[in-house]
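Next comes final14.txt, with compact mmCIF, C-alpha atoms.
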```txt
# COMPACT_ATOMS: atom_id res chain seq x y z
CA MET T 1 -83.70 94.16 -283.28
CA HIS T 2 -83.06 96.49 -286.21
CA ARG T 3 -85.07 99.18 -284.44
CA VAL T 4 -83.93 98.50 -280.89
CA LEU T 5 -80.17 98.38 -281.54
CA PRO T 6 -79.72 101.99 -282.76
CA LEU T 7 -81.98 103.15 -279.92
CA ALA T 8 -79.81 101.32 -277.40
CA ILE T 9 -76.55 102.65 -278.90
CA ALA T 10 -77.88 106.22 -279.08
CA SER T 11 -79.22 106.01 -275.51
CA VAL T 12 -75.74 105.24 -274.18
CA TRP T 13 -74.24 108.29 -275.91
CA ILE T 14 -77.10 110.61 -275.00
CA PHE T 15 -77.15 109.39 -271.38
CA HIS T 16 -73.43 109.93 -270.89
CA GLY T 17 -73.43 113.20 -272.83
CA LEU T 18 -76.56 114.78 -271.39
CA TYR T 19 -76.80 113.26 -267.90
CA SER T 20 -73.25 112.31 -266.94
CA LYS T 21 -71.53 115.37 -268.40
CA LEU T 22 -73.86 118.30 -269.19
CA LEU T 23 -76.05 117.75 -266.12
CA ASP T 24 -73.00 116.75 -264.05
CA GLY T 25 -74.99 113.67 -262.97
CA ILE T 26 -71.81 111.59 -262.63
CA PRO T 27 -69.12 114.06 -261.45
CA ARG T 28 -66.44 111.39 -262.00
CA HIS T 29 -66.58 112.28 -265.71
CA ARG T 30 -65.60 115.88 -264.94
CA ALA T 31 -62.94 114.72 -262.49
CA ILE T 32 -61.32 112.61 -265.22
CA VAL T 33 -61.34 115.57 -267.64
CA ALA T 34 -59.85 117.75 -264.88
CA ARG T 35 -57.03 115.24 -264.39
CA VAL T 36 -56.30 115.20 -268.13
CA LEU T 37 -56.64 118.90 -269.00
CA GLY T 38 -56.40 120.64 -265.63
CA GLU T 39 -59.07 122.20 -263.39
CA GLU T 40 -59.27 125.37 -265.46
CA TRP T 41 -60.44 123.54 -268.58
CA ALA T 42 -62.46 120.82 -266.85
CA VAL T 43 -65.92 122.43 -267.16
CA PRO T 44 -65.65 123.80 -270.73
CA ALA T 45 -64.06 120.58 -272.01
CA THR T 46 -66.69 118.42 -270.26
CA VAL T 47 -69.45 120.55 -271.81
CA VAL T 48 -67.90 120.26 -275.30
CA VAL T 49 -67.46 116.49 -274.98
CA GLY T 50 -71.01 116.19 -273.59
CA VAL T 51 -72.50 118.13 -276.52
CA LEU T 52 -70.49 116.05 -279.01
CA GLU T 53 -71.70 112.82 -277.37
CA VAL T 54 -75.34 113.95 -277.61
CA LEU T 55 -74.79 114.81 -281.30
CA LEU T 56 -73.18 111.39 -281.84
CA GLY T 57 -76.30 109.80 -280.33
CA ALA T 58 -78.45 111.87 -282.68
CA TRP T 59 -76.28 110.73 -285.60
CA VAL T 60 -76.92 107.08 -284.67
CA LEU T 61 -80.68 107.76 -284.54
CA SER T 62 -80.56 109.49 -287.94
CA GLY T 63 -79.19 106.31 -289.55
CA TRP T 64 -77.14 108.45 -291.93
CA ASN T 65 -73.81 106.95 -293.12
CA ARG T 66 -73.67 104.22 -290.47
CA ARG T 67 -70.12 103.05 -291.24
CA ALA T 68 -68.65 106.53 -290.83
CA CYS T 69 -70.66 106.84 -287.64
CA ALA T 70 -69.19 103.54 -286.36
CA VAL T 71 -65.66 104.71 -287.21
CA VAL T 72 -66.18 107.95 -285.26
CA GLN T 73 -67.61 106.04 -282.27
CA THR T 74 -64.69 103.59 -282.33
CA LEU T 75 -62.07 106.34 -282.52
CA ALA T 76 -63.81 108.32 -279.77
CA LEU T 77 -63.97 105.35 -277.40
CA VAL T 78 -60.43 104.13 -278.10
CA ALA T 79 -59.05 107.66 -277.62
CA MET T 80 -61.01 108.33 -274.44
CA ASN T 81 -60.30 104.92 -272.89
CA SER T 82 -56.56 105.11 -273.71
CA ILE T 83 -56.23 108.55 -272.13
CA GLU T 84 -58.27 107.49 -269.09
CA ILE T 85 -56.18 104.41 -268.45
CA ALA T 86 -52.91 106.26 -269.03
CA ILE T 87 -53.65 109.33 -266.92
CA ALA T 88 -56.66 108.77 -264.66
CA ARG T 89 -56.67 105.06 -263.89
CA ASP T 90 -57.36 105.56 -260.17
CA LEU T 91 -60.58 107.45 -261.03
CA LEU T 92 -62.02 104.52 -262.97
CA ILE T 93 -64.26 102.00 -261.21
CA SER T 94 -62.54 99.21 -263.15
CA ALA T 95 -60.31 99.61 -266.19
CA ALA T 96 -60.80 95.98 -267.26
CA GLY T 97 -64.56 96.22 -266.75
CA MET T 98 -64.71 99.41 -268.79
CA LEU T 99 -62.75 97.83 -271.65
CA ALA T 100 -64.93 94.69 -271.65
CA LEU T 101 -68.11 96.76 -271.62
CA ASN T 102 -66.90 99.08 -274.39
CA ALA T 103 -65.70 96.14 -276.51
CA ALA T 104 -69.20 94.66 -276.28
CA PHE T 105 -70.68 98.08 -277.05
CA LEU T 106 -68.47 98.49 -280.14
CA ALA T 107 -69.39 94.98 -281.30
CA GLY T 108 -73.02 96.14 -281.19
CA VAL T 109 -72.12 99.35 -283.01
CA TRP T 110 -70.36 97.46 -285.85
CA PHE T 111 -73.14 94.88 -286.08
CA TRP T 112 -75.57 97.78 -286.53
CA ALA T 113 -73.28 99.60 -288.99
CA THR T 114 -72.57 96.63 -291.28
CA ARG T 115 -76.02 95.09 -291.56
CA PRO T 116 -77.00 95.16 -295.24
CA THR T 117 -80.65 96.19 -294.88
CA SER T 118 -81.01 99.64 -293.49
CA VAL T 119 -83.84 100.72 -291.28
CA ALA T 120 -82.64 103.68 -289.27
CA MET A 121 -71.89 141.82 -266.35
CA MET A 122 -72.22 138.46 -268.11
CA GLU A 123 -74.94 137.48 -265.65
CA SER A 124 -77.03 140.59 -266.34
CA LEU A 125 -76.61 140.02 -270.08
CA LEU A 126 -77.89 136.43 -269.75
CA LEU A 127 -80.83 137.64 -267.63
CA LEU A 128 -81.69 140.27 -270.24
CA LEU A 129 -81.45 137.73 -273.08
CA LEU A 130 -83.65 135.30 -271.12
CA ARG A 131 -86.32 137.99 -270.66
CA ILE A 132 -86.19 138.80 -274.39
CA ALA A 133 -86.41 135.09 -275.20
CA GLY A 134 -89.39 134.74 -272.84
CA LEU A 135 -91.20 137.58 -274.52
CA GLY A 136 -90.37 136.09 -277.92
CA LEU A 137 -91.60 132.61 -276.98
CA ILE A 138 -94.95 134.00 -275.81
CA ALA A 139 -95.18 136.12 -278.96
CA LEU A 140 -94.43 133.02 -281.03
CA ALA A 141 -97.32 131.18 -279.35
CA LEU A 142 -99.71 134.04 -280.14
CA THR A 143 -98.43 134.25 -283.73
CA HIS A 144 -99.86 130.76 -284.31
CA VAL A 145 -103.30 132.35 -284.67
CA PHE A 146 -102.08 134.32 -287.70
CA ILE A 147 -99.86 131.54 -289.09
CA GLY A 148 -102.79 129.14 -288.96
CA ARG A 149 -105.08 131.64 -290.67
CA HIS A 150 -102.50 132.46 -293.35
CA LEU A 151 -101.68 128.80 -294.11
CA ARG A 152 -105.36 127.79 -293.92
CA TRP A 153 -104.87 125.07 -291.31
CA ARG A 154 -108.58 124.73 -290.61
CA GLU A 155 -109.46 124.20 -294.29
CA ASP A 156 -106.56 121.78 -294.84
CA ALA A 157 -107.37 119.87 -291.66
CA GLU A 158 -110.84 119.18 -293.13
CA GLN A 159 -109.13 116.68 -295.48
CA LEU A 160 -107.98 114.58 -292.51
CA THR A 161 -109.94 111.83 -290.79
CA PRO A 162 -111.86 113.16 -287.75
CA VAL A 163 -109.42 111.61 -285.28
CA ASN A 164 -106.33 113.01 -287.03
CA ARG A 165 -108.01 116.41 -287.41
CA ALA A 166 -108.66 116.48 -283.68
CA ILE A 167 -105.09 115.37 -282.92
CA PHE A 168 -103.70 118.09 -285.23
CA HIS A 169 -105.68 120.82 -283.46
CA VAL A 170 -104.88 119.51 -279.97
CA HIS A 171 -101.17 119.20 -280.79
CA THR A 172 -101.08 122.74 -282.12
CA LEU A 173 -102.81 124.02 -278.99
CA PHE A 174 -100.31 122.19 -276.78
CA ILE A 175 -97.33 123.55 -278.71
CA CYS A 176 -98.65 127.02 -277.95
CA LEU A 177 -99.17 126.07 -274.28
CA VAL A 178 -95.60 124.75 -274.07
CA LEU A 179 -94.27 127.95 -275.66
CA VAL A 180 -96.15 130.12 -273.15
CA MET A 181 -95.12 127.98 -270.19
CA MET A 182 -91.51 127.96 -271.39
CA GLY A 183 -91.65 131.70 -271.97
CA LEU A 184 -93.19 132.77 -268.64
CA PRO A 185 -90.32 131.71 -266.34
CA CYS A 186 -87.82 133.18 -268.83
CA LEU A 187 -89.68 136.50 -268.75
CA LEU A 188 -90.67 136.72 -265.09
CA GLU A 189 -88.00 134.77 -263.22
CA PRO A 190 -84.96 134.32 -265.50
CA ALA A 191 -82.64 133.74 -262.52
CA VAL A 192 -83.98 130.16 -262.13
CA PHE A 193 -82.03 129.28 -265.30
CA LEU A 194 -78.75 130.48 -263.79
CA LEU A 195 -78.99 129.10 -260.23
CA PRO A 196 -76.87 125.96 -259.99
CA THR A 197 -79.55 123.47 -258.91
CA ARG A 198 -80.44 120.01 -260.21
CA ALA A 199 -83.77 121.38 -261.45
CA GLY A 200 -82.02 124.30 -263.14
CA ALA A 201 -79.56 121.98 -264.87
CA TRP A 202 -82.34 119.78 -266.23
CA LEU A 203 -84.27 122.86 -267.35
CA ALA A 204 -81.35 124.55 -269.12
CA TRP A 205 -79.96 121.49 -270.92
CA SER A 206 -83.32 120.01 -271.90
CA PHE A 207 -84.46 123.38 -273.30
CA ALA A 208 -81.17 123.60 -275.22
CA ALA A 209 -81.76 120.10 -276.64
CA PHE A 210 -85.39 121.02 -277.46
CA TRP A 211 -84.38 124.05 -279.57
CA GLY A 212 -81.39 122.22 -281.04
CA ALA A 213 -83.79 119.55 -282.28
CA ARG A 214 -86.06 122.28 -283.68
CA LEU A 215 -83.07 123.77 -285.53
CA HIS A 216 -82.31 120.35 -286.99
CA CYS A 217 -85.92 120.04 -288.20
CA GLN A 218 -85.74 123.52 -289.77
CA TRP A 219 -82.97 122.32 -292.09
CA PHE A 220 -83.40 118.57 -292.46
CA VAL A 221 -87.09 117.77 -291.97
CA TYR A 222 -88.75 120.69 -293.77
CA GLY A 223 -87.67 120.26 -297.41
CA TRP A 224 -85.52 122.95 -298.97
CA GLU A 225 -87.97 123.20 -301.87
CA LEU A 226 -90.42 124.77 -299.40
CA TRP A 227 -88.34 127.97 -299.16
CA ARG A 228 -85.70 127.99 -301.90
CA GLY A 229 -86.34 130.55 -304.64
CA LYS A 230 -89.20 132.12 -302.64
CA PRO A 231 -87.97 135.40 -301.14
CA ARG A 232 -90.48 135.62 -298.29
CA GLU A 233 -90.22 131.95 -297.28
CA THR A 234 -86.40 132.18 -297.49
CA ALA A 235 -86.43 135.20 -295.18
CA ILE A 236 -88.66 133.34 -292.70
CA HIS A 237 -86.43 130.26 -292.94
CA TRP A 238 -83.34 132.30 -292.02
CA LEU A 239 -85.19 134.19 -289.29
CA PHE A 240 -86.26 130.88 -287.71
CA THR A 241 -82.73 129.50 -288.13
CA PHE A 242 -81.40 132.53 -286.22
CA VAL A 243 -84.07 132.26 -283.50
CA TRP A 244 -83.70 128.49 -282.94
CA LEU A 245 -79.90 128.77 -282.91
CA GLY A 246 -80.11 131.70 -280.49
CA LEU A 247 -82.41 129.80 -278.11
CA THR A 248 -80.18 126.70 -278.27
CA VAL A 249 -77.04 128.71 -277.50
CA LEU A 250 -78.78 130.77 -274.80
CA PHE A 251 -80.05 127.78 -272.81
CA ALA A 252 -76.72 125.93 -273.28
CA ALA A 253 -74.97 129.05 -271.97
CA CYS A 254 -77.26 128.94 -268.91
CA GLY A 255 -76.26 125.29 -268.38
CA CYS A 256 -72.58 126.23 -268.67
CA TRP A 257 -73.09 129.13 -266.25
CA GLN A 258 -74.60 126.75 -263.67
CA LEU A 259 -71.58 124.46 -263.99
CA GLY A 260 -69.36 127.42 -263.22
CA TRP A 261 -68.05 128.06 -266.74
CA ARG A 262 -67.54 131.85 -266.89
CA ALA A 263 -65.96 132.32 -270.30
```

Structure re-expressed in structure tokens:
Amino acid sequence: MHRVLPLAIASVWIFHGLYSKLLDGIPRHRAIVARVLGEEWAVPATVVVGVLEVLLGAWVLSGWNRRACAVVQTLALVAMNSIEIAIARDLLISAAGMLALNAAFLAGVWFWATRPTSVA
Amino acid sequence: MMESLLLLLLRIAGLGLIALALTHVFIGRHLRWREDAEQLTPVNRAIFHVHTLFICLVLVMMGLPCLLEPAVFLLPTRAGAWLAWSFAAFWGARLHCQWFVYGWELWRGKPRETAIHWLFTFVWLGLTVLFAACGCWQLGWRA
């Protein structure tokens, strides 16, 4: 579990950063960014967010300062989900489903971050 | 304009990657890899040599399309996107290793090693940015 959990958490970030955004594998991500920031900024902003998500995944894998890492992940998800629901709700498959899934994800993140024994 | 600059940089990178593969002959000789590898168990010695050979193969095979057909990195295709972003991640990971896996005591206070460390930092960063720029270009980002 202590080895699988960070792998699972990092995979989610790296998948959505690398595949969904940088590789444009799920164009819905770019459409949401376009709705929020406008078409002109959609591609650059999606690339920046994608790179940051990959780096966040790498941070999880590194095991360095897990609590700070959990705080950043929580803030990132709360910010992104709030903006999505406020501005691009019709582009989401299910707002409630997304919140439930991300709540479970964050529970996993905090379980990983607060465990006393550390094996990255 | 931007496109021809990226194509030129890709050709230079291709040439550099192939040169880097060939340089392994001299690096290995200088750092006495063969003698040091003698200390390993036979299986680990064989793995070390095979891994080194395959790193050189990867460098040549990464370098050849950059040198001979750089446009494949700019065409917006699924294959091109995978190529550009995975190469960017590859060199980004190498840059991370340069700073956080190789210990600083290996180069600090040694002028030649410090120079090589900064040269590699520049090269890995350049390759990361170049391939990421190709990925951005494919997505239609023309900054």

What residues in chain T have any atom no more than 12 Å from chain A when counting only C-alpha atoms, and can you write them as a count of residues only?
30

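Closest approach to Ala253 (chain A) among A:Ile167, A:Leu239, A:Ala208, A:Ile147: A:Ala208, based on all atoms listed in the file.
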
Counting all atoms listed in the file, the option among A:Trp153, A:Pro190, A:Gly223, A:Trp238 closest to Phe251 (chain A):
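Under the stated criterion, the closest residue is A:Pro190.
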
Mind checking which residues fall within 10 Å of region 97-103 of chain T, counting only C-alpha atoms, ignoring those fewer than 5 positions away in the same chain, and posting them as number ranges by chain?
T: 74, 77-78, 81-82, 85, 92, 108-109

Selection export as a tab-separated table (two decimals), in the frame of the given file, atoms kept: C-alpha atoms:
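selection-v4.tsv, freshly written:
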```tsv
chain	number	residue	atom	x	y	z
T	74	THR	CA	-64.69	103.59	-282.33
T	77	LEU	CA	-63.97	105.35	-277.40
T	78	VAL	CA	-60.43	104.13	-278.10
T	81	ASN	CA	-60.30	104.92	-272.89
T	82	SER	CA	-56.56	105.11	-273.71
T	85	ILE	CA	-56.18	104.41	-268.45
T	92	LEU	CA	-62.02	104.52	-262.97
T	108	GLY	CA	-73.02	96.14	-281.19
T	109	VAL	CA	-72.12	99.35	-283.01
```

Work out how far CA of Phe240 (chain A) is from CA of Arg228 (chain A), in Å to one decimal.
14.5 Å

So which residues touch Glu84 (chain T) within 10 Å, counting only C-alpha atoms, skipping near sequence neighbours fewer than 4 positions away, as a PDB file with C-alpha atoms, in the frame of the given file?
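selection19.pdb written:
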```pdb
ATOM      1  CA  ILE T  32     -61.320 112.610-265.220  1.00  0.00           C
ATOM      2  CA  VAL T  33     -61.340 115.570-267.640  1.00  0.00           C
ATOM      3  CA  ARG T  35     -57.030 115.240-264.390  1.00  0.00           C
ATOM      4  CA  VAL T  36     -56.300 115.200-268.130  1.00  0.00           C
ATOM      5  CA  VAL T  78     -60.430 104.130-278.100  1.00  0.00           C
ATOM      6  CA  ALA T  79     -59.050 107.660-277.620  1.00  0.00           C
ATOM      7  CA  MET T  80     -61.010 108.330-274.440  1.00  0.00           C
ATOM      8  CA  ALA T  88     -56.660 108.770-264.660  1.00  0.00           C
ATOM      9  CA  ARG T  89     -56.670 105.060-263.890  1.00  0.00           C
ATOM     10  CA  ASP T  90     -57.360 105.560-260.170  1.00  0.00           C
ATOM     11  CA  LEU T  91     -60.580 107.450-261.030  1.00  0.00           C
ATOM     12  CA  LEU T  92     -62.020 104.520-262.970  1.00  0.00           C
ATOM     13  CA  ALA T  95     -60.310  99.610-266.190  1.00  0.00           C
TER      14      ALA T  95
END
```

Nearest to Leu250 (chain A) by atom-to-atom distance, counting only C-alpha atoms, from A:Cys186, A:Ala139, A:Val180, A:Ile236
A:Cys186

Skip His2 (chain T) itself and residues of its chain fewer than 2 positions away, then list as a ChimeraX atom specification all residues within 12 Å of it, counting all atoms listed in the file.
/T:4-9,61,63,108-109,111-120

Report, in Å to a single decimal, how far apart CA of His216 (chain A) and CA of Leu160 (chain A) are.
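One can read the CA of Leu160 (chain A) to CA of His216 (chain A) distance as 26.9 Å.
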
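Close contacts of Leu173 (chain A), defined as residues with an atom at most 12 Å away when counting all atoms listed in the file, with chain neighbours fewer than 3 positions off set aside, comprise Ala141, Leu142, His144, Val145, Gly148, Ala166, Ile167, Phe168, His169, Val170, Cys176, Leu177, Val178, Leu179 and Val180 of chain A.
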
Can you take the partial region 13-42 of chain T, add N, CA and C atoms, and return it as an mmCIF file, in the coordinates of the input?
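Printed below is result-v9.cif as written:
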```cif
data_model
loop_
_atom_site.group_PDB
_atom_site.id
_atom_site.type_symbol
_atom_site.label_atom_id
_atom_site.label_comp_id
_atom_site.auth_asym_id
_atom_site.auth_seq_id
_atom_site.Cartn_x
_atom_site.Cartn_y
_atom_site.Cartn_z
ATOM 1 N N TRP T 13 -74.928 107.025 -275.640
ATOM 2 C CA TRP T 13 -74.240 108.290 -275.910
ATOM 3 C C TRP T 13 -75.005 109.469 -275.311
ATOM 4 N N ILE T 14 -76.326 109.473 -275.485
ATOM 5 C CA ILE T 14 -77.100 110.610 -275.000
ATOM 6 C C ILE T 14 -77.123 110.625 -273.462
ATOM 7 N N PHE T 15 -77.187 109.450 -272.850
ATOM 8 C CA PHE T 15 -77.150 109.390 -271.380
ATOM 9 C C PHE T 15 -75.835 109.956 -270.864
ATOM 10 N N HIS T 16 -74.715 109.473 -271.415
ATOM 11 C CA HIS T 16 -73.430 109.930 -270.890
ATOM 12 C C HIS T 16 -73.117 111.360 -271.297
ATOM 13 N N GLY T 17 -73.628 111.809 -272.438
ATOM 14 C CA GLY T 17 -73.430 113.200 -272.830
ATOM 15 C C GLY T 17 -74.294 114.137 -272.018
ATOM 16 N N LEU T 18 -75.605 113.862 -272.018
ATOM 17 C CA LEU T 18 -76.560 114.780 -271.390
ATOM 18 C C LEU T 18 -76.522 114.649 -269.867
ATOM 19 N N TYR T 19 -76.692 113.425 -269.361
ATOM 20 C CA TYR T 19 -76.800 113.260 -267.900
ATOM 21 C C TYR T 19 -75.435 113.294 -267.211
ATOM 22 N N SER T 20 -74.524 112.428 -267.651
ATOM 23 C CA SER T 20 -73.250 112.310 -266.940
ATOM 24 C C SER T 20 -72.403 113.574 -267.042
ATOM 25 N N LYS T 21 -72.426 114.224 -268.213
ATOM 26 C CA LYS T 21 -71.530 115.370 -268.400
ATOM 27 C C LYS T 21 -72.239 116.714 -268.314
ATOM 28 N N LEU T 22 -73.232 116.981 -269.188
ATOM 29 C CA LEU T 22 -73.860 118.300 -269.190
ATOM 30 C C LEU T 22 -74.598 118.571 -267.882
ATOM 31 N N LEU T 23 -75.311 117.566 -267.368
ATOM 32 C CA LEU T 23 -76.050 117.750 -266.120
ATOM 33 C C LEU T 23 -75.185 117.445 -264.905
ATOM 34 N N ASP T 24 -73.941 117.065 -265.139
ATOM 35 C CA ASP T 24 -73.000 116.750 -264.050
ATOM 36 C C ASP T 24 -73.580 115.660 -263.140
ATOM 37 N N GLY T 25 -74.344 114.740 -263.742
ATOM 38 C CA GLY T 25 -74.990 113.670 -262.970
ATOM 39 C C GLY T 25 -73.992 112.681 -262.412
ATOM 40 N N ILE T 26 -72.880 112.468 -263.120
ATOM 41 C CA ILE T 26 -71.810 111.590 -262.630
ATOM 42 C C ILE T 26 -70.524 112.429 -262.621
ATOM 43 N N PRO T 27 -70.240 113.105 -261.496
ATOM 44 C CA PRO T 27 -69.120 114.060 -261.450
ATOM 45 C C PRO T 27 -67.757 113.426 -261.745
ATOM 46 N N ARG T 28 -67.685 112.098 -261.674
ATOM 47 C CA ARG T 28 -66.440 111.390 -262.000
ATOM 48 C C ARG T 28 -65.978 111.735 -263.414
ATOM 49 N N HIS T 29 -66.941 111.943 -264.335
ATOM 50 C CA HIS T 29 -66.580 112.280 -265.710
ATOM 51 C C HIS T 29 -65.786 113.590 -265.746
ATOM 52 N N ARG T 30 -66.275 114.584 -264.973
ATOM 53 C CA ARG T 30 -65.600 115.880 -264.940
ATOM 54 C C ARG T 30 -64.257 115.756 -264.241
ATOM 55 N N ALA T 31 -64.199 114.904 -263.213
ATOM 56 C CA ALA T 31 -62.940 114.720 -262.490
ATOM 57 C C ALA T 31 -61.869 114.140 -263.409
ATOM 58 N N ILE T 32 -62.280 113.210 -264.281
ATOM 59 C CA ILE T 32 -61.320 112.610 -265.220
ATOM 60 C C ILE T 32 -60.815 113.675 -266.196
ATOM 61 N N VAL T 33 -61.740 114.489 -266.716
ATOM 62 C CA VAL T 33 -61.340 115.570 -267.640
ATOM 63 C C VAL T 33 -60.401 116.537 -266.924
ATOM 64 N N ALA T 34 -60.694 116.833 -265.656
ATOM 65 C CA ALA T 34 -59.850 117.750 -264.880
ATOM 66 C C ALA T 34 -58.442 117.177 -264.748
ATOM 67 N N ARG T 35 -58.348 115.872 -264.517
ATOM 68 C CA ARG T 35 -57.030 115.240 -264.390
ATOM 69 C C ARG T 35 -56.255 115.361 -265.699
ATOM 70 N N VAL T 36 -56.975 115.200 -266.825
ATOM 71 C CA VAL T 36 -56.300 115.200 -268.130
ATOM 72 C C VAL T 36 -55.912 116.616 -268.561
ATOM 73 N N LEU T 37 -56.862 117.561 -268.441
ATOM 74 C CA LEU T 37 -56.640 118.900 -269.000
ATOM 75 C C LEU T 37 -56.387 119.981 -267.949
ATOM 76 N N GLY T 38 -56.568 119.632 -266.675
ATOM 77 C CA GLY T 38 -56.400 120.640 -265.630
ATOM 78 C C GLY T 38 -57.742 121.214 -265.209
ATOM 79 N N GLU T 39 -57.806 121.693 -263.958
ATOM 80 C CA GLU T 39 -59.070 122.200 -263.390
ATOM 81 C C GLU T 39 -59.669 123.323 -264.243
ATOM 82 N N GLU T 40 -58.794 124.185 -264.760
ATOM 83 C CA GLU T 40 -59.270 125.370 -265.460
ATOM 84 C C GLU T 40 -60.127 125.007 -266.680
ATOM 85 N N TRP T 41 -59.744 123.922 -267.359
ATOM 86 C CA TRP T 41 -60.440 123.540 -268.580
ATOM 87 C C TRP T 41 -61.486 122.446 -268.353
ATOM 88 N N ALA T 42 -61.608 121.987 -267.109
ATOM 89 C CA ALA T 42 -62.460 120.820 -266.850
ATOM 90 C C ALA T 42 -63.918 121.062 -267.283
#
```
